[in-house]
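Q: So here's target_18.cif, just mmCIF, C-alpha atoms and all ligand atoms:
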data_target
loop_
_atom_site.label_atom_id
_atom_site.label_comp_id
_atom_site.auth_asym_id
_atom_site.auth_seq_id
_atom_site.Cartn_x
_atom_site.Cartn_y
_atom_site.Cartn_z
CA MET A 254 191.58 -34.22 -24.34
CA MET A 255 194.02 -36.81 -25.73
CA VAL A 256 192.93 -35.91 -29.25
CA GLU A 257 192.12 -32.25 -29.74
CA SER A 258 188.71 -31.23 -31.02
CA GLU A 259 188.26 -30.36 -34.67
CA GLU A 260 187.73 -26.73 -33.65
CA ARG A 261 191.06 -26.67 -31.80
CA GLN A 262 192.84 -28.25 -34.74
CA ALA A 263 191.27 -25.74 -37.13
CA LEU A 264 192.32 -22.92 -34.81
CA ARG A 265 195.90 -24.24 -34.80
CA ALA A 266 195.97 -24.40 -38.60
CA ALA A 267 194.61 -20.86 -38.96
CA VAL A 268 197.03 -19.42 -36.39
CA ARG A 269 199.95 -21.22 -38.00
CA LYS A 270 199.02 -19.60 -41.30
CA LEU A 271 199.09 -16.17 -39.65
CA GLY A 272 202.41 -16.97 -37.95
CA LEU A 273 204.01 -18.07 -41.22
CA LYS A 274 202.71 -14.97 -43.01
CA TYR A 275 204.96 -12.92 -40.70
CA GLY A 276 207.55 -15.63 -39.93
CA ARG A 277 210.92 -15.90 -38.28
CA GLU A 278 212.61 -13.20 -40.38
CA TYR A 279 209.96 -10.65 -39.38
CA TYR A 280 210.25 -11.54 -35.70
CA LEU A 281 214.06 -11.57 -35.66
CA GLY A 282 214.18 -8.35 -37.67
CA LYS A 283 212.09 -6.61 -35.00
CA ALA A 284 214.13 -8.18 -32.21
CA ARG A 285 217.45 -7.10 -33.67
CA THR A 286 216.45 -3.53 -34.49
CA GLY A 287 214.56 -2.69 -31.31
CA GLY A 288 211.18 -2.94 -33.05
CA LYS A 289 207.90 -4.37 -31.79
CA THR A 290 205.66 -6.99 -33.34
CA THR A 291 202.67 -4.63 -33.28
CA GLU A 292 201.27 -5.47 -36.75
CA LEU A 293 201.14 -9.17 -35.90
CA TRP A 294 199.66 -8.44 -32.48
CA ARG A 295 196.87 -6.30 -33.95
CA GLU A 296 196.09 -8.81 -36.68
CA ALA A 297 195.97 -11.68 -34.15
CA GLY A 298 193.60 -9.56 -32.05
CA GLN A 299 191.36 -8.65 -34.96
CA LEU A 300 191.13 -12.33 -35.96
CA GLY A 301 189.89 -13.10 -32.42
CA TYR A 302 192.94 -15.09 -31.34
CA LEU A 303 193.88 -12.92 -28.33
CA GLY A 304 190.41 -13.18 -26.79
CA VAL A 305 189.70 -16.74 -27.84
CA HIS A 306 189.50 -17.82 -24.16
CA ILE A 307 187.15 -15.04 -23.02
CA PRO A 308 183.40 -15.85 -22.80
CA GLU A 309 181.26 -14.60 -25.67
CA GLU A 310 179.14 -12.47 -23.30
CA PHE A 311 182.26 -10.31 -22.78
CA GLY A 312 183.12 -10.16 -26.47
CA GLY A 313 185.54 -13.08 -26.60
CA GLY A 314 185.64 -16.29 -28.61
CA GLY A 315 184.00 -18.45 -25.94
CA GLY A 316 186.84 -21.00 -25.86
CA GLY A 317 189.21 -21.90 -23.06
CA ILE A 318 192.80 -21.39 -21.96
CA GLY A 319 193.64 -24.48 -24.05
CA ASP A 320 192.72 -22.43 -27.11
CA LEU A 321 194.86 -19.47 -26.08
CA ALA A 322 197.74 -21.90 -25.39
CA ALA A 323 197.27 -23.29 -28.92
CA VAL A 324 197.50 -19.72 -30.31
CA CYS A 325 200.69 -19.09 -28.32
CA GLU A 326 202.25 -22.41 -29.35
CA GLU A 327 201.43 -22.15 -33.05
CA LEU A 328 202.79 -18.61 -33.36
CA ALA A 329 206.03 -19.67 -31.64
CA ALA A 330 206.26 -22.80 -33.79
CA ALA A 331 205.90 -20.57 -36.87
CA GLY A 332 208.84 -18.42 -35.74
CA CYS A 333 206.94 -15.68 -33.88
CA PRO A 334 207.11 -16.35 -30.13
CA LEU A 335 204.90 -13.64 -28.63
CA GLY A 336 205.60 -13.65 -24.90
CA LEU A 337 203.01 -10.94 -24.42
CA ILE A 338 200.30 -13.61 -24.87
CA VAL A 339 201.42 -15.11 -21.56
CA VAL A 340 200.80 -11.77 -19.84
CA SER A 341 198.18 -9.53 -21.45
CA PRO A 342 195.47 -11.99 -22.56
CA ALA A 343 196.38 -15.02 -20.39
CA ILE A 344 196.81 -13.31 -17.01
CA CYS A 345 195.34 -9.82 -17.25
CA ALA A 346 192.26 -10.37 -19.44
CA THR A 347 191.47 -13.57 -17.50
CA VAL A 348 191.65 -11.87 -14.11
CA ILE A 349 189.52 -8.96 -15.35
CA TYR A 350 186.78 -11.08 -16.93
CA ARG A 351 186.63 -13.41 -13.92
CA PHE A 352 186.90 -10.85 -11.11
CA GLY A 353 186.48 -7.34 -12.50
CA THR A 354 183.41 -5.18 -11.96
CA ASP A 355 181.04 -4.67 -14.88
CA ASP A 356 182.58 -1.24 -15.47
CA GLN A 357 186.10 -2.67 -15.50
CA ARG A 358 185.10 -5.38 -17.97
CA LYS A 359 183.51 -2.77 -20.25
CA LYS A 360 186.49 -0.46 -20.00
CA TRP A 361 189.33 -2.92 -20.60
CA LEU A 362 188.18 -6.20 -22.13
CA PRO A 363 187.35 -4.97 -25.67
CA GLY A 364 190.86 -3.53 -26.11
CA LEU A 365 192.60 -6.50 -24.52
CA ILE A 366 190.63 -8.83 -26.79
CA ASP A 367 191.24 -6.99 -30.08
CA GLY A 368 194.82 -6.14 -29.18
CA ALA A 369 194.39 -2.35 -29.07
CA LEU A 370 195.25 -2.44 -25.34
CA LYS A 371 198.24 -4.21 -23.81
CA PHE A 372 198.68 -4.88 -20.11
CA ALA A 373 201.93 -5.94 -18.42
CA PHE A 374 201.90 -7.87 -15.13
CA ALA A 375 204.09 -7.08 -12.12
CA ILE A 376 204.52 -9.35 -9.15
CA THR A 377 208.33 -9.87 -8.86
CA GLU A 378 210.20 -7.61 -6.44
CA PRO A 379 213.96 -7.17 -6.05
CA GLU A 380 214.14 -8.36 -2.45
CA ALA A 381 211.26 -10.84 -2.36
CA GLY A 382 212.28 -12.81 -5.50
CA SER A 383 210.65 -16.24 -5.45
CA ASN A 384 209.26 -15.60 -1.96
CA SER A 385 205.96 -13.85 -2.67
CA HIS A 386 205.22 -13.70 1.07
CA ARG A 387 207.86 -10.96 1.21
CA LEU A 388 206.20 -8.60 -1.27
CA LYS A 389 206.62 -5.05 0.01
CA THR A 390 204.63 -3.00 -2.49
CA VAL A 391 201.79 -1.54 -0.46
CA ALA A 392 198.50 0.10 -1.42
CA THR A 393 196.79 2.38 1.09
CA LEU A 394 193.37 3.94 0.77
CA GLU A 395 193.36 7.70 1.41
CA GLY A 396 190.30 9.86 0.81
CA GLY A 397 188.83 7.45 -1.73
CA GLU A 398 192.11 7.08 -3.64
CA TRP A 399 194.67 4.26 -3.59
CA ILE A 400 198.29 5.22 -3.04
CA LEU A 401 200.89 2.71 -4.22
CA ASP A 402 204.49 2.55 -3.05
CA GLY A 403 207.07 -0.08 -3.90
CA ARG A 404 209.53 -1.55 -6.42
CA LYS A 405 209.09 -4.28 -9.01
CA THR A 406 211.74 -5.90 -11.14
CA PHE A 407 212.12 -7.89 -14.38
CA ILE A 408 208.72 -6.65 -15.54
CA SER A 409 208.32 -7.36 -19.25
CA PHE A 410 206.58 -5.24 -21.92
CA VAL A 411 206.24 -2.04 -19.87
CA ASP A 412 207.52 -0.02 -22.86
CA GLU A 413 204.65 -1.20 -25.05
CA ALA A 414 201.94 -1.59 -22.43
CA ASP A 415 199.14 0.88 -21.69
CA ALA A 416 198.94 -0.25 -18.08
CA VAL A 417 200.50 -2.69 -15.64
CA LEU A 418 198.46 -5.05 -13.47
CA VAL A 419 200.38 -4.64 -10.22
CA VAL A 420 200.25 -7.02 -7.26
CA ALA A 421 200.36 -4.95 -4.06
CA ARG A 422 199.37 -5.61 -0.47
CA THR A 423 196.57 -3.92 1.39
CA ALA A 424 195.69 -3.99 5.07
CA ASP A 425 192.63 -6.07 5.89
CA ALA A 426 189.92 -3.69 7.26
CA THR A 427 189.19 -5.86 10.30
CA THR A 428 192.44 -7.70 11.15
CA GLY A 429 194.95 -5.16 9.76
CA LYS A 430 196.91 -8.08 8.23
CA LEU A 431 198.43 -7.47 4.79
CA LYS A 432 196.92 -9.41 1.89
CA PRO A 433 197.46 -9.26 -1.90
CA ALA A 434 195.30 -7.14 -4.17
CA LEU A 435 195.60 -6.33 -7.89
CA PHE A 436 195.63 -2.80 -9.33
CA VAL A 437 195.54 -1.48 -12.89
CA VAL A 438 198.27 1.16 -13.03
CA PRO A 439 198.45 3.28 -16.21
CA VAL A 440 202.06 3.66 -17.38
CA ASP A 441 201.67 7.46 -17.48
CA ALA A 442 200.51 7.75 -13.84
CA PRO A 443 202.54 10.38 -11.91
CA GLY A 444 205.02 8.63 -9.57
CA PHE A 445 205.37 5.63 -11.91
CA GLU A 446 208.88 5.27 -13.38
CA LYS A 447 210.52 2.49 -15.37
CA GLN A 448 214.18 1.69 -15.92
CA LEU A 449 215.37 -0.69 -18.64
CA ILE A 450 217.30 -3.78 -17.50
CA PRO A 451 219.84 -4.70 -20.20
CA MET A 452 219.34 -8.41 -20.97
CA GLU A 453 221.21 -10.97 -23.12
CA LEU A 454 218.02 -11.99 -24.91
CA VAL A 455 217.26 -11.44 -28.60
CA ALA A 456 213.57 -10.53 -28.45
CA PRO A 457 211.39 -7.46 -28.97
CA ASP A 458 210.33 -7.93 -25.32
CA LYS A 459 212.18 -5.73 -22.82
CA GLN A 460 212.39 -5.97 -19.03
CA PHE A 461 212.19 -3.11 -16.54
CA THR A 462 212.58 -2.20 -12.92
CA LEU A 463 209.51 -0.23 -11.80
CA PHE A 464 209.50 2.51 -9.19
CA LEU A 465 206.13 3.27 -7.64
CA ASP A 466 206.42 6.37 -5.49
CA GLY A 467 203.13 7.64 -4.13
CA VAL A 468 201.24 6.63 -7.30
CA ARG A 469 197.66 7.89 -6.80
CA LEU A 470 194.94 5.82 -8.39
CA PRO A 471 191.15 6.14 -8.42
CA ALA A 472 189.20 3.66 -6.25
CA ASP A 473 188.22 1.64 -9.34
CA ALA A 474 191.86 0.85 -10.15
CA LEU A 475 191.48 -2.05 -7.71
CA VAL A 476 190.37 -5.12 -9.68
CA GLY A 477 187.14 -6.45 -8.19
CA SER A 478 187.24 -6.34 -4.41
CA ASP A 479 190.22 -6.31 -2.05
CA ASP A 480 188.97 -9.59 -0.55
CA ALA A 481 189.59 -11.59 -3.71
CA GLY A 482 193.27 -10.85 -4.32
CA LEU A 483 194.53 -14.35 -3.59
CA ALA A 484 191.84 -16.01 -5.68
CA GLN A 485 192.65 -13.57 -8.50
CA LEU A 486 196.31 -14.51 -8.33
CA PHE A 487 195.55 -18.22 -8.53
CA ALA A 488 193.14 -17.62 -11.39
CA GLY A 489 195.81 -15.67 -13.31
CA LEU A 490 198.90 -17.71 -12.54
CA ASN A 491 197.64 -21.04 -13.90
CA PRO A 492 196.89 -19.53 -17.35
CA GLU A 493 200.33 -17.90 -17.17
CA ARG A 494 202.03 -21.26 -16.57
CA ILE A 495 199.95 -23.05 -19.20
CA THR A 496 200.65 -20.46 -21.92
CA ALA A 497 204.34 -20.26 -20.89
CA ALA A 498 204.51 -24.04 -21.40
CA ALA A 499 202.88 -23.62 -24.82
CA PHE A 500 205.35 -20.84 -25.67
CA ALA A 501 208.22 -23.26 -24.86
CA THR A 502 206.85 -26.22 -26.83
CA GLY A 503 206.25 -23.86 -29.78
CA LEU A 504 209.88 -22.73 -29.67
CA ALA A 505 210.96 -26.38 -29.45
CA ARG A 506 208.85 -27.41 -32.45
CA GLN A 507 210.28 -24.56 -34.53
CA ALA A 508 213.86 -25.62 -33.66
CA LEU A 509 213.20 -29.33 -34.25
CA GLU A 510 211.47 -28.71 -37.56
CA ARG A 511 214.48 -26.79 -38.80
CA ALA A 512 216.96 -29.33 -37.36
CA VAL A 513 215.18 -32.22 -39.09
CA ASP A 514 215.23 -30.35 -42.42
CA TYR A 515 218.91 -29.65 -41.96
CA ALA A 516 219.67 -33.27 -41.00
CA LYS A 517 217.96 -34.46 -44.19
CA THR A 518 219.87 -32.15 -46.50
CA ARG A 519 223.32 -31.57 -45.02
CA GLN A 520 225.76 -34.17 -46.31
CA VAL A 521 229.45 -34.34 -45.32
CA TRP A 522 230.10 -38.08 -45.91
CA ASP A 523 228.14 -40.26 -48.33
CA VAL A 524 224.77 -39.90 -46.60
CA PRO A 525 222.84 -36.98 -45.07
CA ILE A 526 223.91 -36.35 -41.45
CA GLY A 527 220.42 -37.46 -40.31
CA ALA A 528 221.34 -41.01 -41.35
CA HIS A 529 223.81 -41.10 -38.45
CA GLN A 530 222.04 -42.28 -35.32
CA ALA A 531 224.13 -39.87 -33.25
CA ILE A 532 222.15 -37.13 -34.99
CA ALA A 533 218.80 -38.96 -35.45
CA HIS A 534 218.35 -40.37 -31.95
CA PRO A 535 218.76 -37.12 -29.99
CA LEU A 536 216.22 -35.54 -32.39
CA ALA A 537 213.81 -38.44 -31.73
CA VAL A 538 214.31 -38.12 -27.95
CA ALA A 539 213.74 -34.37 -28.15
CA HIS A 540 210.54 -34.89 -30.16
CA ILE A 541 209.23 -37.43 -27.62
CA ASN A 542 209.89 -35.07 -24.70
CA VAL A 543 208.21 -32.15 -26.47
CA GLU A 544 205.15 -34.31 -27.18
CA LEU A 545 205.00 -35.38 -23.51
CA ALA A 546 205.19 -31.74 -22.42
CA ARG A 547 202.42 -30.83 -24.89
CA LEU A 548 200.25 -33.58 -23.42
CA MET A 549 200.73 -32.30 -19.88
CA THR A 550 199.97 -28.77 -21.09
CA GLN A 551 196.71 -30.02 -22.60
CA LYS A 552 195.84 -31.79 -19.35
CA ALA A 553 196.48 -28.63 -17.33
CA ALA A 554 194.38 -26.58 -19.75
CA ALA A 555 191.54 -29.13 -19.68
CA LEU A 556 191.49 -29.08 -15.86
CA TYR A 557 191.58 -25.30 -15.76
CA ASP A 558 188.83 -25.03 -18.39
CA SER A 559 186.68 -27.46 -16.39
CA GLY A 560 186.72 -24.88 -13.57
CA ASP A 561 189.17 -26.72 -11.31
CA ASP A 562 191.58 -23.90 -10.40
CA PHE A 563 193.13 -25.89 -7.58
CA GLY A 564 193.47 -29.17 -9.49
CA ALA A 565 194.95 -27.35 -12.48
CA GLY A 566 197.77 -25.97 -10.32
CA GLU A 567 199.73 -29.21 -10.10
CA SER A 568 199.43 -29.96 -13.83
CA ALA A 569 200.16 -26.36 -14.82
CA ASN A 570 203.37 -26.50 -12.78
CA MET A 571 204.33 -29.87 -14.26
CA ALA A 572 203.54 -28.62 -17.77
CA LYS A 573 205.67 -25.50 -17.34
CA TYR A 574 208.50 -27.58 -15.88
CA SER A 575 208.48 -30.26 -18.57
CA ALA A 576 207.97 -27.80 -21.44
CA GLY A 577 210.90 -25.66 -20.27
CA GLU A 578 213.20 -28.66 -19.95
CA ALA A 579 212.03 -30.20 -23.25
CA ALA A 580 212.52 -26.91 -25.09
CA ILE A 581 216.03 -26.34 -23.76
CA ALA A 582 217.05 -29.89 -24.73
CA ALA A 583 215.36 -29.67 -28.15
CA ILE A 584 217.02 -26.38 -29.06
CA ASP A 585 220.39 -27.59 -27.79
CA THR A 586 219.98 -30.69 -29.98
CA ALA A 587 219.02 -28.49 -32.95
CA ILE A 588 222.21 -26.45 -32.40
CA GLN A 589 224.34 -29.61 -32.36
CA THR A 590 222.63 -30.86 -35.52
CA HIS A 591 223.53 -27.62 -37.27
CA GLY A 592 227.23 -27.81 -36.40
CA GLY A 593 228.85 -24.36 -36.64
CA ASN A 594 225.72 -22.94 -38.19
CA GLY A 595 224.00 -23.70 -34.88
CA LEU A 596 225.73 -20.72 -33.34
CA SER A 597 225.53 -18.40 -36.37
CA THR A 598 223.43 -15.28 -36.46
CA GLU A 599 221.90 -16.44 -39.76
CA TYR A 600 220.37 -19.56 -38.19
CA GLY A 601 219.38 -17.77 -34.96
CA LEU A 602 219.27 -20.92 -32.83
CA ALA A 603 221.57 -19.74 -30.05
CA SER A 604 219.23 -16.86 -29.25
CA MET A 605 216.30 -19.29 -29.18
CA LEU A 606 218.16 -21.25 -26.54
CA ALA A 607 218.25 -18.16 -24.32
CA GLY A 608 214.50 -17.72 -24.92
CA ALA A 609 213.81 -21.30 -23.86
CA ARG A 610 216.22 -20.97 -20.95
CA LEU A 611 214.00 -18.18 -19.66
CA ILE A 612 211.15 -20.68 -19.26
CA ARG A 613 213.24 -22.67 -16.76
CA LEU A 614 213.39 -19.49 -14.64
CA ALA A 615 210.09 -17.72 -15.16
CA PRO A 616 207.24 -17.17 -14.47
CA VAL A 617 208.14 -19.52 -11.62
CA SER A 618 211.53 -21.18 -11.37
CA ARG A 619 212.21 -24.86 -11.92
CA GLU A 620 213.24 -25.20 -8.26
CA MET A 621 210.02 -23.67 -6.91
CA ILE A 622 208.02 -26.11 -9.06
CA LEU A 623 210.08 -29.01 -7.69
CA ASN A 624 209.40 -27.67 -4.18
CA PHE A 625 205.66 -27.57 -4.98
CA VAL A 626 205.58 -31.13 -6.30
CA ALA A 627 207.80 -32.45 -3.48
CA GLN A 628 205.58 -30.89 -0.82
CA ASN A 629 202.09 -31.00 -2.30
CA THR A 630 202.15 -34.07 -4.51
CA LEU A 631 204.61 -36.24 -2.62
CA GLY A 632 203.92 -34.91 0.88
CA LEU A 633 207.60 -34.33 1.66
CA PRO A 634 208.59 -31.82 4.35
CA LYS A 635 209.13 -28.18 3.42
CA SER A 636 212.83 -27.29 3.45
CA TYR A 637 212.63 -23.49 3.57
C1 LIG A 701 213.20 -12.30 -19.05
C2 LIG A 701 212.38 -12.26 -17.80
C3 LIG A 701 211.08 -11.76 -17.86
C4 LIG A 701 210.31 -11.66 -16.70
N1 LIG A 701 209.07 -11.07 -16.76
C5 LIG A 701 208.38 -10.87 -15.60
C6 LIG A 701 207.14 -10.15 -15.62
O1 LIG A 701 206.66 -9.72 -16.70
N2 LIG A 701 206.49 -9.94 -14.45
C7 LIG A 701 206.99 -10.40 -13.27
O2 LIG A 701 206.33 -10.17 -12.24
N3 LIG A 701 208.15 -11.07 -13.20
C8 LIG A 701 208.87 -11.32 -14.34
N4 LIG A 701 210.07 -12.00 -14.29
C9 LIG A 701 210.61 -12.41 -13.00
C10 LIG A 701 210.66 -13.92 -12.78
O3 LIG A 701 209.36 -14.40 -12.52
C11 LIG A 701 211.64 -14.18 -11.63
O4 LIG A 701 212.94 -13.88 -12.13
C12 LIG A 701 211.60 -15.59 -11.12
O5 LIG A 701 210.35 -15.84 -10.49
C13 LIG A 701 212.72 -15.90 -10.14
O6 LIG A 701 212.84 -14.90 -9.17
P1 LIG A 701 214.28 -14.22 -8.88
O7 LIG A 701 214.85 -13.81 -10.19
O8 LIG A 701 214.13 -13.18 -7.85
O9 LIG A 701 215.17 -15.40 -8.34
P2 LIG A 701 215.43 -15.79 -6.80
O10 LIG A 701 214.14 -15.91 -6.08
O11 LIG A 701 216.46 -14.87 -6.27
O12 LIG A 701 216.04 -17.24 -6.98
C14 LIG A 701 217.38 -17.47 -7.42
C15 LIG A 701 217.58 -18.97 -7.56
O13 LIG A 701 217.35 -19.59 -6.26
C16 LIG A 701 216.36 -20.58 -6.38
N5 LIG A 701 215.55 -20.64 -5.15
C17 LIG A 701 214.93 -19.60 -4.51
N6 LIG A 701 214.25 -20.04 -3.44
C18 LIG A 701 214.44 -21.39 -3.40
C19 LIG A 701 213.98 -22.43 -2.55
N7 LIG A 701 213.16 -22.20 -1.49
N8 LIG A 701 214.33 -23.71 -2.85
C20 LIG A 701 215.13 -23.98 -3.91
N9 LIG A 701 215.60 -23.04 -4.74
C21 LIG A 701 215.25 -21.77 -4.50
C22 LIG A 701 215.52 -20.17 -7.59
O14 LIG A 701 214.83 -21.27 -8.15
C23 LIG A 701 216.59 -19.61 -8.51
O15 LIG A 701 217.19 -20.65 -9.22
C24 LIG A 701 210.84 -12.13 -15.45
C25 LIG A 701 212.13 -12.68 -15.42
C26 LIG A 701 212.91 -12.75 -16.56
C27 LIG A 701 214.30 -13.29 -16.48
#
Output the file's structure as structure tokens, nothing else.
Ligand SMILES: Cc1cc2nc3c(=O)[nH]c(=O)nc-3n(C[C@H](O)[C@H](O)[C@H](O)COP(=O)(O)OP(=O)(O)OC[C@H]3O[C@@H](n4cnc5c(N)ncnc54)[C@H](O)[C@@H]3O)c2cc1C

A:
Amino acid sequence: MMVESEERQALRAAVRKLGLKYGREYYLGKARTGGKTTELWREAGQLGYLGVHIPEEFGGGGGGIGDLAAVCEELAAAGCPLGLIVVSPAICATVIYRFGTDDQRKKWLPGLIDGALKFAFAITEPEAGSNSHRLKTVATLEGGEWILDGRKTFISFVDEADAVLVVARTADATTGKLKPALFVVPVDAPGFEKQLIPMELVAPDKQFTLFLDGVRLPADALVGSDDAGLAQLFAGLNPERITAAAFATGLARQALERAVDYAKTRQVWDVPIGAHQAIAHPLAVAHINVELARLMTQKAAALYDSGDDFGAGESANMAKYSAGEAAIAAIDTAIQTHGGNGLSTEYGLASMLAGARLIRLAPVSREMILNFVAQNTLGLPKSY
């Protein structure tokens, strides 16, 4: 784990080549004109990168979540941060291959793997926020059909997705208690509406509030069985955190690479600005913190890929935390290194800072990770 396998290193090199073929200008061009990175997505899918973590028996590459994280990181490091990797392949394809019925795997996995199908993921609700025990979206079974009612908010990619994997609650057949279950909801289902949330982010990715009003779904819209909802969530959320961490360290590497180049060439006294320790040391600190976050991300991926869903939870949280913090600090340092150019549209670093800032908030906030570590790792009392 400390040194990546030759296969993983070769995968990184190949993905980096693809990322650089499109590059930062392509990504920013799409972001600033309301476009989507569809060509890159399809090519990544056709090259096997989006299904690299899915077992070969289901048509994937037979690797692990560490490989998908490498794909996500290398594309971001090459200037193309594709947040959809965190959702469609990392959460949705994982949950479907691990828990779906044979029919569901046949129906959805080929498209999710080659990129022809995109799934969004919806758990967040306006009133529940970080408290997932308060989720109010409910699914009821009526005459062999599921009926979904509820609201979701900040759901990314709904405008480019074919379907949304929605977390709802169902009543347990014996106890009547509500428990989570996951449903595939096509975006054109009657009763399903989306409303754009204007955001101060420069990215092709858009966020939406979802309104689910009596959405009728066939029985097989429920992923697997309604007894496995919680296990499905755990199985999907660790890959989400691990790939979100990789997304952040990729952003950080891109910013640091450019800052180091700038520090070597920009000269306002007799030496390049990188010769001043006030510029060099913060870049060195940022690099160290990014490397530490990458190491924790690899540990979390290795634990997850060894089949330890529970054990991976702590490391996946720590990886997401440290990668978010390292990325924010690295991009901030890159901005300072660039002087006024750090805030210019041409250099595009300020918008990267907002992208990294997102990782401190989502998919789970910094504070909820600190709560998790305080309670579960350190055994401190719960404060809420
Ligand atoms: C750009 C973007 C994209 C997103 N995409 C998706 C998506 O695709 N799908 C999806 O389901 N969700 C998505 N989200 C939602 C995201 O996961 C939530 O915003 C996040 O989990 C925080 O929830 P909240 O916004 O309701 O904040 P709140 O829960 O209202 O929290 C507000 C603040 O209070 C803190 N806080 C809350 N409870 C505690 C506590 N007990 N102790 C200490 N501090 C606490 C939080 O850490 C936070 O700082 C996205 C969000 C953003 C911004």

Q: With all atoms listed in the file as the basis for distance, which of A:Ala266, A:Leu483, A:Val420, A:Arg404 is at the shortest distance from Lys447 (chain A)?

A: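 So, comparing all the options, the nearest one is A:Arg404.
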
Q: Mind listing the residues within 7 Å of ligand LIG 701 (chain A), all atoms listed in the file counted, as a PDB file with C-alpha atoms, keeping the file's coordinate frame?

A:
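Resulting contents of part-v6.pdb:
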ATOM      1  CA  VAL A 340     200.800 -11.770 -19.840  1.00  0.00           C
ATOM      2  CA  ALA A 373     201.930  -5.940 -18.420  1.00  0.00           C
ATOM      3  CA  PHE A 374     201.900  -7.870 -15.130  1.00  0.00           C
ATOM      4  CA  ALA A 375     204.090  -7.080 -12.120  1.00  0.00           C
ATOM      5  CA  ILE A 376     204.520  -9.350  -9.150  1.00  0.00           C
ATOM      6  CA  THR A 377     208.330  -9.870  -8.860  1.00  0.00           C
ATOM      7  CA  GLU A 378     210.200  -7.610  -6.440  1.00  0.00           C
ATOM      8  CA  PRO A 379     213.960  -7.170  -6.050  1.00  0.00           C
ATOM      9  CA  ALA A 381     211.260 -10.840  -2.360  1.00  0.00           C
ATOM     10  CA  GLY A 382     212.280 -12.810  -5.500  1.00  0.00           C
ATOM     11  CA  SER A 383     210.650 -16.240  -5.450  1.00  0.00           C
ATOM     12  CA  ASN A 384     209.260 -15.600  -1.960  1.00  0.00           C
ATOM     13  CA  THR A 406     211.740  -5.900 -11.140  1.00  0.00           C
ATOM     14  CA  PHE A 407     212.120  -7.890 -14.380  1.00  0.00           C
ATOM     15  CA  ILE A 408     208.720  -6.650 -15.540  1.00  0.00           C
ATOM     16  CA  SER A 409     208.320  -7.360 -19.250  1.00  0.00           C
ATOM     17  CA  PHE A 410     206.580  -5.240 -21.920  1.00  0.00           C
ATOM     18  CA  GLN A 460     212.390  -5.970 -19.030  1.00  0.00           C
ATOM     19  CA  LEU A 611     214.000 -18.180 -19.660  1.00  0.00           C
ATOM     20  CA  LEU A 614     213.390 -19.490 -14.640  1.00  0.00           C
ATOM     21  CA  ALA A 615     210.090 -17.720 -15.160  1.00  0.00           C
ATOM     22  CA  PRO A 616     207.240 -17.170 -14.470  1.00  0.00           C
ATOM     23  CA  VAL A 617     208.140 -19.520 -11.620  1.00  0.00           C
ATOM     24  CA  SER A 618     211.530 -21.180 -11.370  1.00  0.00           C
ATOM     25  CA  ARG A 619     212.210 -24.860 -11.920  1.00  0.00           C
ATOM     26  CA  GLU A 620     213.240 -25.200  -8.260  1.00  0.00           C
ATOM     27  CA  MET A 621     210.020 -23.670  -6.910  1.00  0.00           C
ATOM     28  CA  ASN A 624     209.400 -27.670  -4.180  1.00  0.00           C
ATOM     29  CA  TYR A 637     212.630 -23.490   3.570  1.00  0.00           C
TER      30      TYR A 637
END

Q: If we count only C-alpha atoms, what is near region 332-334 of chain A at a cut-off of 9 Å, once residues fewer than 4 positions away on the same chain are taken out, given as a list in words?

A: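 Listing them by chain and then by number gives Gly272, Leu273, Tyr275, Gly276, Arg277, Glu278, Tyr279, Tyr280, Leu281, Thr290, Leu293, Cys325, Glu326, Glu327, Leu328, Ala456, Phe500, Ala501, Gly503, Leu504 and Gln507 of chain A.
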
Q: Hey, which of A:Ala263, A:Ala474, A:Ala424, A:Val513 ends up closest to Gln357 (chain A)? Count all atoms listed in the file.

A: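 Closest candidate: A:Ala474.
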
Q: Taking all atoms listed in the file into account, name the residue in A:Leu454, A:Leu465, A:Phe436, A:Asp367 that is nearest to Gly601 (chain A).

A: A:Leu454

Q: Restricting the calculation to only C-alpha atoms: of A:Ile344, A:Leu545, A:Val468, A:Ser636, which residue gets closest to Asp441 (chain A)?

A: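 Among the listed residues, the smallest separation from Asp441 (chain A) belongs to A:Val468.
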
Q: Considering only C-alpha atoms, return as a PyMOL selection string whatever protein or nucleic-acid residues lie within 12 Å of Arg511 (chain A), sequence-local ones (same chain, fewer than 4 positions apart) excluded.

A: chain A and resi 277+330-332+504-507+515-519+536+583-584+586-588+590-591+594-595+600-602

Q: Restricting the calculation to all atoms listed in the file, which member of A:Tyr557, A:Trp294, A:Trp361, A:Phe352 is positioned closest to Thr496 (chain A)?

A: A:Tyr557

Q: Identify, on the basis of only C-alpha atoms, every residue whose closest approach to Ile581 (chain A) does not exceed 7 Å; exclude the query and any residue fewer than 4 positions from it along the same chain; express the result as a ChimeraX atom specification.

A: /A:577,585,606,609-610
